[in-house]
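Input: a single structure, listed below in structure tokens.
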Number of protein chains: 2
Amino acid sequence: MKLTTLQAITLSLIAATACYSSASIPAGIVIHGGAGTIDRSKMTDEQQKNYEAVLADAVNQGYELLAAGGSSLDAVTLAVTVLEDSPLFNAGKGAVYTWDETHELDAAIMTGQDRNAGAVASVTNVKNPILLARAVMEQSEHVMLTGKGAEQFATAQKLELVNNDYFNTEFRYEALKRAKQAQQKLPHQAVIVADPNWKMGTVGAVAIDNNGNLAAATSTGGMTAKRWGRVGDVPVIGAGNFADNSSCAVSGTGHGEYFIRYNVAADICARVKYQGKSAASAGREVIQELLQAGGTGGVIIVDNKGKLSWAFNTQGMYRAKRNHSGIVVEIFADQIEKAGN
Amino acid sequence: MKLTTLQAITLSLIAATACYSSASIPAGIVIHGGAGTIDRSKMTDEQQKNYEAVLADAVNQGYELLAAGGSSLDAVTLAVTVLEDSPLFNAGKGAVYTWDETHELDAAIMTGQDRNAGAVASVTNVKNPILLARAVMEQSEHVMLTGKGAEQFATAQKLELVNNDYFNTEFRYEALKRAKQAQQKLPHQAVIVADPNWKMGTVGAVAIDNNGNLAAATSTGGMTAKRWGRVGDVPVIGAGNFADNSSCAVSGTGHGEYFIRYNVAADICARVKYQGKSAASAGREVIQELLQAGGTGGVIIVDNKGKLSWAFNTQGMYRAKRNHSGIVVEIFADQIEKAGN
């Protein structure tokens, strides 16, 4: 096949752009599996190894996809589905129980290149809610679908459906029973927030690919014993999930109500974009301000130069990152220095 | 009754603070009743007068409350309930129809002092959704409640409930029939967005009180013929509604999906806070960028010095504002210069 001059120029430009991009912007990915009270003394070595193995698996699968030239959007989607399929994290298979002893899941995804986004709230029968959020972004003109309507859309999109009891796990059911006992004392609240463990969980991934495009994905089962159709920060674009190629991509985990009120993910990006701060500094600032306001949690961030970082104000955050420098997998707060974060 | 010294000092301080505040920060309020294609040639003088009368009534009731020393939170709540109770606007009584010929309403409210917020999505039987959003903010530990759960909370809060057919109006039903006819051609979309009139609507108010506290409130019936549990920007804090005493308060109206992706309300406040821009300039910038991305709509803004402004990229926006300088009520784009905006 002979190329026209225009085709040849176009191909050269694509090649040049690819070379430039891969040389200047290192592909990378950061993931989290929730932040909260993670007591080292209460975790056995075997439990710790199990968590670390899934985190490593998720970050490695995402990074290998990036290294093979895949997009950041595909990488965060893949990493989050790995975490959703594990019973260890409060998302997908491991989702917590609602007050009514069912499971209602939320997820969101966003691309930094065009700031397109998709979010779903309160879905009960979709195996991987992150795939539904992505379908909303790519296959509808909408950003946010909820409840039964979102499930009808999932059916139309031929996504894998499951019975709600697919999400049943014994240890989450025990957590619900404890939460309900405590809740008797505060019947006017939709959920107890006194025990930080009940609101821990949420998984997420942020990545940058060889083309310099950012993406963020987040998925959660919400708060244990939630009722009244409570929706947290995950499907609220700008609160728990945000991506903008002009600054950074962020996925959050923590006390959702504070993440919404403080517009956490978008505020980190705004400080980078408008104040010229590093993404790591902006992340630390916002998470510190969140704590001062009474909110606990953490974020993972990748900026548009490929710098990976995280910040959290809790005892621990399940987390991992990988780029050309290698892989880091951590759980506790006192490990944060080792990462040179 | 004799005063103790401490009581006397306290009273003096309160009086001094009140004088200082009212002298330096003028109380003010801005409202909107939706932005979109508003064709002057298709509006009779009587119709125009009807719209202007409700806008004037809402802004006057809100301002009189502020002038009597009331809070910005009470003022925006009152102004929005006036607009919700009118059949002219797409919120409360005048809410549009869903695909299934019912009505699903969304609302959000936020205070700038403590950045507390409340939001509800897809409620069908609450006469004034803005009162439910406020109850979520003040009477629960949550920010966002949806659907049946939000309605159970409304019942528990003893809010005024109505049958869904309370929201029926003949002219909205005609709009639904036209939307459905067009929709047959695009069955994969949850709603048609080709006709700007179908997504026009939403009401809102922003205000500053004598204490310098900001508040924002927004309420909508959503998009005509919406399905799949579509949620727009209104209950997404940071997208269609935001308030922060360190910058400004914003209420938006327009193509909700773009308002979510561009984090419109919070981005305007971020430019004021981090770039030192005037609220009016920040509003114009963001609304211009929104248009470049393909999104239509508008915003009303009050900054923390009491400056009132608005910006929109459509043919018109139902709007009014009032402070010590007087009242302005406008509908069409070509009126905007008159306001000295």
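Letters for chains follow the order of the structure tokens (A, B, ...), residue numbers begin at 1 for each chain, and ligand numbers begin at 1 in the order shown.
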- Assign secondary structure with DSSP using the backbone only, and return the residues of stretch 45-223 of chain B in alpha helix (DSSP H) as a ChimeraX atom specification. /B:45-67,72-85,129-139,147-156,170-183
- Task: Find the residues of chain B in contact range of chain A, meaning any atom within 9 Å when counting only C-alpha atoms, and list them as JSON, numbers by chain.
- Result: {"B": [110, 114, 115, 116, 117, 122, 139, 140, 141, 142, 143, 144, 145, 146, 147, 148, 149, 150, 151, 152, 153, 156, 188, 189, 190, 191, 192, 193, 227, 228, 229, 230, 231, 232, 233, 235, 236, 237, 238, 239, 242, 256, 257, 258, 260, 261, 262, 263, 266, 267, 270, 271, 274, 275, 293]}
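By chain and then residue number, the residues within 8 Å of B:Leu214 are Ser72, Leu73, Thr111, Gly112, Gln113, Val206, Ala207, Ile208, Asp209, Ala243, Asp244, Asn245, Cys248, Ala249, Val302, Asp303 and Asn304 of chain B, counting only C-alpha atoms and disregarding those fewer than 4 positions away in sequence.
Of the listed residues A:Asn241, A:Gln48, A:Asn168, A:Ser24, the one whose atoms come nearest to A:Phe332 is A:Gln48, with distances taken using only C-alpha atoms.
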- Task: Skip stretch 102-104 of chain A itself and residues of its chain fewer than 2 positions away, then list as a PyMOL selection string all residues within 10 Å of it, counting only C-alpha atoms.
- Result: chain A and resi 91-100+106+121-126+147+164-168+173+220-227+229-231
- Task: Find the residues near B:Thr202: any atom within 9 Å, counting only C-alpha atoms, skip ones fewer than 5 places away on the same chain, and give them as a list in words.
- Result: His32, Gly33, Gly34, Ala35, Phe89, Asn90, Ala91, Ala95, Thr218, Ser219, Thr220, Gly221, Gly222, Val234, Gly252, Thr253 and Gly254 of chain B
Export of prior selection with all heavy atoms as an mmCIF file, in the first residue's frame:
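So out25.cif came out as:
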```cif
data_model
loop_
_atom_site.group_PDB
_atom_site.id
_atom_site.type_symbol
_atom_site.label_atom_id
_atom_site.label_comp_id
_atom_site.auth_asym_id
_atom_site.auth_seq_id
_atom_site.Cartn_x
_atom_site.Cartn_y
_atom_site.Cartn_z
ATOM 1 N N HIS B 32 -32.671 33.084 40.081
ATOM 2 C CA HIS B 32 -32.900 32.779 38.662
ATOM 3 C C HIS B 32 -34.037 31.776 38.551
ATOM 4 O O HIS B 32 -34.353 31.059 39.508
ATOM 5 C CB HIS B 32 -31.635 32.246 37.988
ATOM 6 C CG HIS B 32 -31.250 30.863 38.418
ATOM 7 N ND1 HIS B 32 -31.880 29.733 37.953
ATOM 8 C CD2 HIS B 32 -30.302 30.423 39.285
ATOM 9 C CE1 HIS B 32 -31.328 28.666 38.497
ATOM 10 N NE2 HIS B 32 -30.372 29.049 39.326
ATOM 11 N N GLY B 33 -34.644 31.752 37.354
ATOM 12 C CA GLY B 33 -35.738 30.815 37.094
ATOM 13 C C GLY B 33 -35.461 29.996 35.844
ATOM 14 O O GLY B 33 -36.376 29.547 35.169
ATOM 15 N N GLY B 34 -34.143 29.812 35.538
ATOM 16 C CA GLY B 34 -33.791 28.995 34.382
ATOM 17 C C GLY B 34 -33.211 29.806 33.245
ATOM 18 O O GLY B 34 -33.555 30.976 33.066
ATOM 19 N N ALA B 35 -32.299 29.182 32.496
ATOM 20 C CA ALA B 35 -31.684 29.825 31.328
ATOM 21 C C ALA B 35 -31.928 28.947 30.117
ATOM 22 O O ALA B 35 -32.002 27.724 30.228
ATOM 23 C CB ALA B 35 -30.177 29.987 31.540
ATOM 24 N N PHE B 89 -42.099 27.867 36.509
ATOM 25 C CA PHE B 89 -40.704 27.435 36.437
ATOM 26 C C PHE B 89 -40.589 25.922 36.652
ATOM 27 O O PHE B 89 -41.423 25.312 37.340
ATOM 28 C CB PHE B 89 -39.875 28.189 37.487
ATOM 29 C CG PHE B 89 -39.983 29.682 37.334
ATOM 30 C CD1 PHE B 89 -40.822 30.422 38.161
ATOM 31 C CD2 PHE B 89 -39.276 30.340 36.340
ATOM 32 C CE1 PHE B 89 -40.948 31.793 38.004
ATOM 33 C CE2 PHE B 89 -39.400 31.714 36.174
ATOM 34 C CZ PHE B 89 -40.240 32.445 37.013
ATOM 35 N N ASN B 90 -39.516 25.342 36.095
ATOM 36 C CA ASN B 90 -39.301 23.894 36.177
ATOM 37 C C ASN B 90 -38.694 23.514 37.528
ATOM 38 O O ASN B 90 -37.515 23.163 37.634
ATOM 39 C CB ASN B 90 -38.404 23.431 35.025
ATOM 40 C CG ASN B 90 -38.076 21.947 35.101
ATOM 41 O OD1 ASN B 90 -38.782 21.186 35.768
ATOM 42 N ND2 ASN B 90 -36.998 21.555 34.445
ATOM 43 N N ALA B 91 -39.527 23.575 38.544
ATOM 44 C CA ALA B 91 -39.142 23.211 39.921
ATOM 45 C C ALA B 91 -40.429 23.210 40.725
ATOM 46 O O ALA B 91 -41.336 23.996 40.442
ATOM 47 C CB ALA B 91 -38.169 24.221 40.502
ATOM 48 N N ALA B 95 -42.707 21.416 37.781
ATOM 49 C CA ALA B 95 -41.711 20.420 37.351
ATOM 50 C C ALA B 95 -42.127 19.713 36.056
ATOM 51 O O ALA B 95 -43.304 19.397 35.868
ATOM 52 C CB ALA B 95 -41.503 19.382 38.457
ATOM 53 N N THR B 218 -30.833 25.673 45.192
ATOM 54 C CA THR B 218 -31.212 25.383 43.810
ATOM 55 C C THR B 218 -32.225 24.244 43.805
ATOM 56 O O THR B 218 -32.133 23.324 44.621
ATOM 57 C CB THR B 218 -29.959 24.982 42.989
ATOM 58 O OG1 THR B 218 -28.929 25.943 43.209
ATOM 59 C CG2 THR B 218 -30.265 24.924 41.506
ATOM 60 N N SER B 219 -33.206 24.299 42.898
ATOM 61 C CA SER B 219 -34.259 23.286 42.847
ATOM 62 C C SER B 219 -34.691 23.078 41.404
ATOM 63 O O SER B 219 -34.731 24.035 40.623
ATOM 64 C CB SER B 219 -35.447 23.751 43.702
ATOM 65 O OG SER B 219 -36.484 22.795 43.707
ATOM 66 N N THR B 220 -35.006 21.830 41.043
ATOM 67 C CA THR B 220 -35.364 21.575 39.641
ATOM 68 C C THR B 220 -36.262 20.354 39.490
ATOM 69 O O THR B 220 -36.280 19.472 40.356
ATOM 70 C CB THR B 220 -34.093 21.365 38.783
ATOM 71 O OG1 THR B 220 -34.464 21.280 37.403
ATOM 72 C CG2 THR B 220 -33.366 20.082 39.168
ATOM 73 N N GLY B 221 -36.974 20.321 38.384
ATOM 74 C CA GLY B 221 -37.716 19.129 37.986
ATOM 75 C C GLY B 221 -36.926 18.291 36.994
ATOM 76 O O GLY B 221 -37.395 17.265 36.532
ATOM 77 N N GLY B 222 -35.721 18.741 36.664
ATOM 78 C CA GLY B 222 -34.857 17.984 35.757
ATOM 79 C C GLY B 222 -35.201 18.194 34.300
ATOM 80 O O GLY B 222 -35.756 19.225 33.921
ATOM 81 N N VAL B 234 -27.994 19.618 39.787
ATOM 82 C CA VAL B 234 -28.494 20.328 40.969
ATOM 83 C C VAL B 234 -28.074 19.670 42.286
ATOM 84 O O VAL B 234 -27.505 20.345 43.152
ATOM 85 C CB VAL B 234 -30.028 20.525 40.889
ATOM 86 C CG1 VAL B 234 -30.576 21.057 42.208
ATOM 87 C CG2 VAL B 234 -30.365 21.481 39.758
ATOM 88 N N GLY B 252 -26.566 27.464 39.639
ATOM 89 C CA GLY B 252 -26.511 27.341 38.189
ATOM 90 C C GLY B 252 -27.782 26.802 37.582
ATOM 91 O O GLY B 252 -28.648 26.255 38.274
ATOM 92 N N THR B 253 -27.896 26.976 36.266
ATOM 93 C CA THR B 253 -29.011 26.425 35.507
ATOM 94 C C THR B 253 -28.546 26.170 34.092
ATOM 95 O O THR B 253 -27.881 27.009 33.499
ATOM 96 C CB THR B 253 -30.215 27.380 35.481
ATOM 97 O OG1 THR B 253 -31.148 26.910 34.487
ATOM 98 C CG2 THR B 253 -29.815 28.802 35.146
ATOM 99 N N GLY B 254 -28.876 25.008 33.565
ATOM 100 C CA GLY B 254 -28.472 24.719 32.188
ATOM 101 C C GLY B 254 -28.312 23.241 31.960
ATOM 102 O O GLY B 254 -28.950 22.425 32.630
#
```
- Message: Set the distance at 12 Å and use only C-alpha atoms: which residues neighbour B:Gln61 once local chain neighbours fewer than 5 positions away are removed? I'd like the list as number ranges by chain.
- Response: B: 28-31, 54-56, 66-68, 70, 74-83, 205, 321-322, 327
- One-decimal distance in Å that lies between atom CA of B:Ile301 and atom CA of B:Gly240: 11.6 Å
